[in-house]
Amino acid sequence: MHPHIELALKCVTAAGTIGTFLTLIFTIRNVRRQINVGILMKYTERYEHILDKFPQDALFGRFDSQALPPQSKQLTLCLLKYLNLCSEEYYLWKNGYLAKTVWAVWEGDLKRMIASPLLQREWPDLRAEYLSHQDFMEYVERIQAEKKVSRVAAASV
């Protein structure tokens with residue numbers, strides 16, 4: 001074979017290999033993004049369903065320690081479902097199945113709810129449900145402890 005043709009074939013082969021590799025990377029990235037959008041949509045739907053079941057006074061009073069709703073089976077069940085959803089989200093993020101950008105959106109709300117006076121009051125009754133998910137249980141307790149420290153610091157100023 002002529003040397004110029006052989007060189008041209010090598011260049012075309014190399015370019016084809018690089019093109020295939022770049023296409024594969026692009027495809028994997030897009031598939032991962034689509035999966036994350038699917039996860040986001042499904043979990044958002046579940047979250048809305050849980051909020052729909054919350055007792056009205058609990059939904060609006062969850063962040064106000066002066067207006068906490070009375071304890072009830074319905075409230076405990078809703079909080080358990082919420083924490084189960086959060087523990088699944090935490091698992092997906094911790095194990096690399098969830099994009100950091102999606103986790104960043106969820107984590108802000110998750111921390112706010114976990115640190116809320118309502119969940120701080122209810123956590124001792126729900127804690128046993130998470131003994132088999134030690135990592136998530138420690139995450140919840142760390143957030144609650146941080147909130148307690150910040151309340152104490154704010155009160156002493």
# chains A, B, ... in the order shown; residues from 1 in each chain; ligands from 1

$ residues_around --residues "Trp93 of chain A" --least-positions-apart "5" --cutoff "12 Å" --atoms "only C-alpha atoms" --output "JSON, numbers by chain"
{"A": [36, 39, 40, 86, 87, 88, 98, 99, 100, 101, 102, 103, 104, 105, 106, 107, 136]}

$ write_last_selection --atoms "all heavy atoms" --output "compact mmCIF listing (two decimals), in the first residue's frame"
# COMPACT_ATOMS: atom_id res chain seq x y z
N ASN A 36 -31.16 11.67 36.29
CA ASN A 36 -31.29 12.58 37.42
C ASN A 36 -32.57 13.42 37.34
O ASN A 36 -33.21 13.67 38.35
CB ASN A 36 -30.06 13.47 37.55
CG ASN A 36 -28.97 12.82 38.36
OD1 ASN A 36 -29.03 12.81 39.58
ND2 ASN A 36 -27.99 12.24 37.69
N ILE A 39 -35.29 11.09 38.45
CA ILE A 39 -35.26 10.94 39.91
C ILE A 39 -35.84 12.19 40.56
O ILE A 39 -36.68 12.10 41.47
CB ILE A 39 -33.82 10.69 40.40
CG1 ILE A 39 -33.34 9.30 39.98
CG2 ILE A 39 -33.73 10.84 41.92
CD1 ILE A 39 -31.85 9.06 40.21
N LEU A 40 -35.41 13.35 40.10
CA LEU A 40 -35.91 14.61 40.66
C LEU A 40 -37.43 14.71 40.55
O LEU A 40 -38.11 15.04 41.53
CB LEU A 40 -35.24 15.80 39.95
CG LEU A 40 -35.71 17.18 40.36
CD1 LEU A 40 -35.36 17.47 41.81
CD2 LEU A 40 -35.10 18.24 39.45
N CYS A 86 -36.26 11.16 52.51
CA CYS A 86 -34.96 11.82 52.70
C CYS A 86 -33.83 10.81 52.80
O CYS A 86 -32.74 11.05 52.26
CB CYS A 86 -34.98 12.69 53.95
SG CYS A 86 -36.09 14.10 53.81
N SER A 87 -34.06 9.71 53.49
CA SER A 87 -33.00 8.71 53.62
C SER A 87 -32.67 8.08 52.27
O SER A 87 -31.52 7.77 51.99
CB SER A 87 -33.38 7.64 54.65
OG SER A 87 -34.39 6.79 54.17
N GLU A 88 -33.67 7.93 51.42
CA GLU A 88 -33.42 7.41 50.07
C GLU A 88 -32.63 8.42 49.25
O GLU A 88 -31.69 8.04 48.53
CB GLU A 88 -34.74 7.08 49.38
CG GLU A 88 -35.47 5.91 50.00
CD GLU A 88 -36.90 5.79 49.50
OE1 GLU A 88 -37.25 6.40 48.46
OE2 GLU A 88 -37.68 5.07 50.16
N LEU A 98 -26.81 10.31 42.40
CA LEU A 98 -27.53 11.57 42.29
C LEU A 98 -26.53 12.69 42.03
O LEU A 98 -25.50 12.77 42.70
CB LEU A 98 -28.28 11.83 43.60
CG LEU A 98 -29.26 12.97 43.63
CD1 LEU A 98 -30.43 12.71 42.68
CD2 LEU A 98 -29.80 13.14 45.05
N ALA A 99 -26.84 13.53 41.07
CA ALA A 99 -25.96 14.66 40.76
C ALA A 99 -25.84 15.58 41.96
O ALA A 99 -26.80 15.79 42.71
CB ALA A 99 -26.51 15.43 39.56
N LYS A 100 -24.66 16.14 42.13
CA LYS A 100 -24.41 17.05 43.25
C LYS A 100 -25.34 18.26 43.18
O LYS A 100 -25.76 18.79 44.21
CB LYS A 100 -22.95 17.50 43.26
CG LYS A 100 -22.00 16.39 43.63
CD LYS A 100 -20.55 16.84 43.53
CE LYS A 100 -19.63 15.66 43.79
NZ LYS A 100 -18.23 15.98 43.60
N THR A 101 -25.68 18.70 41.99
CA THR A 101 -26.55 19.87 41.84
C THR A 101 -27.97 19.56 42.34
O THR A 101 -28.60 20.41 42.95
CB THR A 101 -26.61 20.34 40.38
OG1 THR A 101 -26.98 19.23 39.54
CG2 THR A 101 -25.28 20.90 39.92
N VAL A 102 -28.44 18.36 42.09
CA VAL A 102 -29.77 17.97 42.58
C VAL A 102 -29.73 17.85 44.10
O VAL A 102 -30.61 18.35 44.81
CB VAL A 102 -30.24 16.64 41.94
CG1 VAL A 102 -31.55 16.16 42.56
CG2 VAL A 102 -30.40 16.79 40.43
N TRP A 103 -28.70 17.21 44.63
CA TRP A 103 -28.56 17.06 46.07
C TRP A 103 -28.49 18.44 46.75
O TRP A 103 -29.08 18.64 47.81
CB TRP A 103 -27.33 16.22 46.42
CG TRP A 103 -27.09 16.16 47.89
CD1 TRP A 103 -26.04 16.70 48.56
CD2 TRP A 103 -27.91 15.53 48.88
NE1 TRP A 103 -26.16 16.45 49.91
CE2 TRP A 103 -27.31 15.74 50.13
CE3 TRP A 103 -29.11 14.83 48.83
CZ2 TRP A 103 -27.84 15.26 51.32
CZ3 TRP A 103 -29.65 14.35 50.02
CH2 TRP A 103 -29.02 14.57 51.23
N ALA A 104 -27.79 19.37 46.15
CA ALA A 104 -27.66 20.70 46.74
C ALA A 104 -29.03 21.37 46.91
O ALA A 104 -29.28 22.03 47.92
CB ALA A 104 -26.74 21.58 45.89
N VAL A 105 -29.91 21.17 45.95
CA VAL A 105 -31.27 21.72 46.05
C VAL A 105 -32.02 21.04 47.17
O VAL A 105 -32.64 21.68 48.02
CB VAL A 105 -32.03 21.55 44.71
CG1 VAL A 105 -33.49 21.90 44.86
CG2 VAL A 105 -31.38 22.39 43.62
N TRP A 106 -31.97 19.72 47.20
CA TRP A 106 -32.72 18.96 48.20
C TRP A 106 -32.16 19.16 49.60
O TRP A 106 -32.91 19.24 50.56
CB TRP A 106 -32.69 17.48 47.87
CG TRP A 106 -33.62 17.08 46.78
CD1 TRP A 106 -34.64 17.82 46.25
CD2 TRP A 106 -33.64 15.85 46.08
NE1 TRP A 106 -35.28 17.13 45.27
CE2 TRP A 106 -34.68 15.90 45.14
CE3 TRP A 106 -32.86 14.70 46.15
CZ2 TRP A 106 -34.98 14.85 44.30
CZ3 TRP A 106 -33.16 13.65 45.30
CH2 TRP A 106 -34.20 13.72 44.38
N GLU A 107 -30.85 19.22 49.73
CA GLU A 107 -30.25 19.23 51.06
C GLU A 107 -30.63 20.48 51.86
O GLU A 107 -30.83 20.40 53.06
CB GLU A 107 -28.73 19.09 51.00
CG GLU A 107 -28.15 18.90 52.38
CD GLU A 107 -26.65 18.73 52.40
OE1 GLU A 107 -25.96 19.28 51.52
OE2 GLU A 107 -26.16 18.05 53.32
N PHE A 136 -27.50 7.66 57.82
CA PHE A 136 -28.55 8.68 57.75
C PHE A 136 -28.95 9.13 59.15
O PHE A 136 -29.16 10.33 59.38
CB PHE A 136 -29.78 8.16 56.99
CG PHE A 136 -30.88 9.17 56.92
CD1 PHE A 136 -30.77 10.29 56.11
CD2 PHE A 136 -32.04 9.02 57.66
CE1 PHE A 136 -31.77 11.25 56.04
CE2 PHE A 136 -33.07 9.97 57.60
CZ PHE A 136 -32.93 11.07 56.78

$ residues_around --residues "Lys53 of chain A" --least-positions-apart "2" --cutoff "10 Å" --atoms "only C-alpha atoms" --output "list in words"
Glu48, His49, Ile50, Leu51, Pro55, Gln56, Leu59, Gln74, Leu75, Leu77 and Cys78 of chain A

$ write_last_selection --atoms "all heavy atoms" --output "compact mmCIF listing (two decimals), in the first residue's frame"
# COMPACT_ATOMS: atom_id res chain seq x y z
N GLU A 48 -44.52 15.98 47.37
CA GLU A 48 -45.81 16.69 47.32
C GLU A 48 -46.93 15.81 47.88
O GLU A 48 -47.82 16.31 48.58
CB GLU A 48 -46.12 17.13 45.89
CG GLU A 48 -45.23 18.27 45.44
CD GLU A 48 -45.45 18.66 43.98
OE1 GLU A 48 -46.30 18.05 43.30
OE2 GLU A 48 -44.74 19.57 43.52
N HIS A 49 -46.88 14.53 47.59
CA HIS A 49 -47.90 13.61 48.10
C HIS A 49 -47.83 13.54 49.64
O HIS A 49 -48.86 13.53 50.32
CB HIS A 49 -47.71 12.22 47.49
CG HIS A 49 -48.72 11.23 47.93
ND1 HIS A 49 -50.03 11.26 47.52
CD2 HIS A 49 -48.62 10.17 48.78
CE1 HIS A 49 -50.70 10.27 48.09
NE2 HIS A 49 -49.85 9.60 48.86
N ILE A 50 -46.62 13.51 50.18
CA ILE A 50 -46.45 13.48 51.64
C ILE A 50 -46.99 14.77 52.24
O ILE A 50 -47.71 14.75 53.25
CB ILE A 50 -44.96 13.26 52.02
CG1 ILE A 50 -44.54 11.84 51.64
CG2 ILE A 50 -44.75 13.50 53.51
CD1 ILE A 50 -43.03 11.60 51.67
N LEU A 51 -46.66 15.91 51.64
CA LEU A 51 -47.14 17.20 52.16
C LEU A 51 -48.67 17.28 52.12
O LEU A 51 -49.27 17.88 53.01
CB LEU A 51 -46.54 18.36 51.37
CG LEU A 51 -45.08 18.69 51.64
CD1 LEU A 51 -44.67 19.94 50.87
CD2 LEU A 51 -44.79 18.87 53.12
N PRO A 55 -51.09 17.00 58.49
CA PRO A 55 -52.15 17.78 59.15
C PRO A 55 -51.89 19.27 58.90
O PRO A 55 -50.73 19.71 58.94
CB PRO A 55 -51.98 17.43 60.64
CG PRO A 55 -51.20 16.15 60.66
CD PRO A 55 -50.35 16.16 59.42
N GLN A 56 -52.92 20.04 58.62
CA GLN A 56 -52.76 21.45 58.28
C GLN A 56 -51.95 22.22 59.32
O GLN A 56 -51.07 22.99 58.98
CB GLN A 56 -54.12 22.12 58.08
CG GLN A 56 -54.79 21.79 56.77
CD GLN A 56 -53.97 22.21 55.57
OE1 GLN A 56 -53.31 21.38 54.95
NE2 GLN A 56 -53.99 23.47 55.22
N LEU A 59 -48.27 21.38 59.02
CA LEU A 59 -47.62 21.90 57.82
C LEU A 59 -47.20 23.36 58.02
O LEU A 59 -46.09 23.74 57.69
CB LEU A 59 -48.54 21.77 56.61
CG LEU A 59 -47.95 22.14 55.27
CD1 LEU A 59 -46.74 21.28 54.94
CD2 LEU A 59 -48.99 22.01 54.18
N GLN A 74 -51.23 10.50 62.60
CA GLN A 74 -51.11 10.98 61.22
C GLN A 74 -49.83 11.79 61.04
O GLN A 74 -49.11 11.62 60.05
CB GLN A 74 -52.32 11.85 60.85
CG GLN A 74 -52.25 12.36 59.42
CD GLN A 74 -53.37 13.34 59.09
OE1 GLN A 74 -54.18 13.70 59.93
NE2 GLN A 74 -53.41 13.77 57.84
N LEU A 75 -49.52 12.64 62.00
CA LEU A 75 -48.31 13.45 61.93
C LEU A 75 -47.07 12.56 61.97
O LEU A 75 -46.15 12.72 61.17
CB LEU A 75 -48.28 14.46 63.07
CG LEU A 75 -47.03 15.33 63.18
CD1 LEU A 75 -46.82 16.14 61.90
CD2 LEU A 75 -47.13 16.25 64.38
N LEU A 77 -46.79 9.44 61.10
CA LEU A 77 -46.71 8.70 59.85
C LEU A 77 -46.18 9.60 58.72
O LEU A 77 -45.33 9.17 57.93
CB LEU A 77 -48.07 8.11 59.48
CG LEU A 77 -48.12 7.29 58.19
CD1 LEU A 77 -47.16 6.10 58.27
CD2 LEU A 77 -49.53 6.82 57.92
N CYS A 78 -46.66 10.81 58.65
CA CYS A 78 -46.18 11.73 57.61
C CYS A 78 -44.69 12.03 57.78
O CYS A 78 -43.95 12.05 56.79
CB CYS A 78 -46.98 13.03 57.65
SG CYS A 78 -48.63 12.87 56.98

$ atom_distance --atom1 "atom CA of Leu118 of chain A" --atom2 "atom CA of Ser65 of chain A"
7.3 Å

$ closest_residue --among "A:Met137, A:Ile114, A:Ile143, A:Leu92" --to "Arg62 of chain A" --atoms "only C-alpha atoms"
A:Ile114

$ atom_distance --atom1 "atom CA of Gln134 of chain A" --atom2 "atom CA of Lys94 of chain A"
12.9 Å
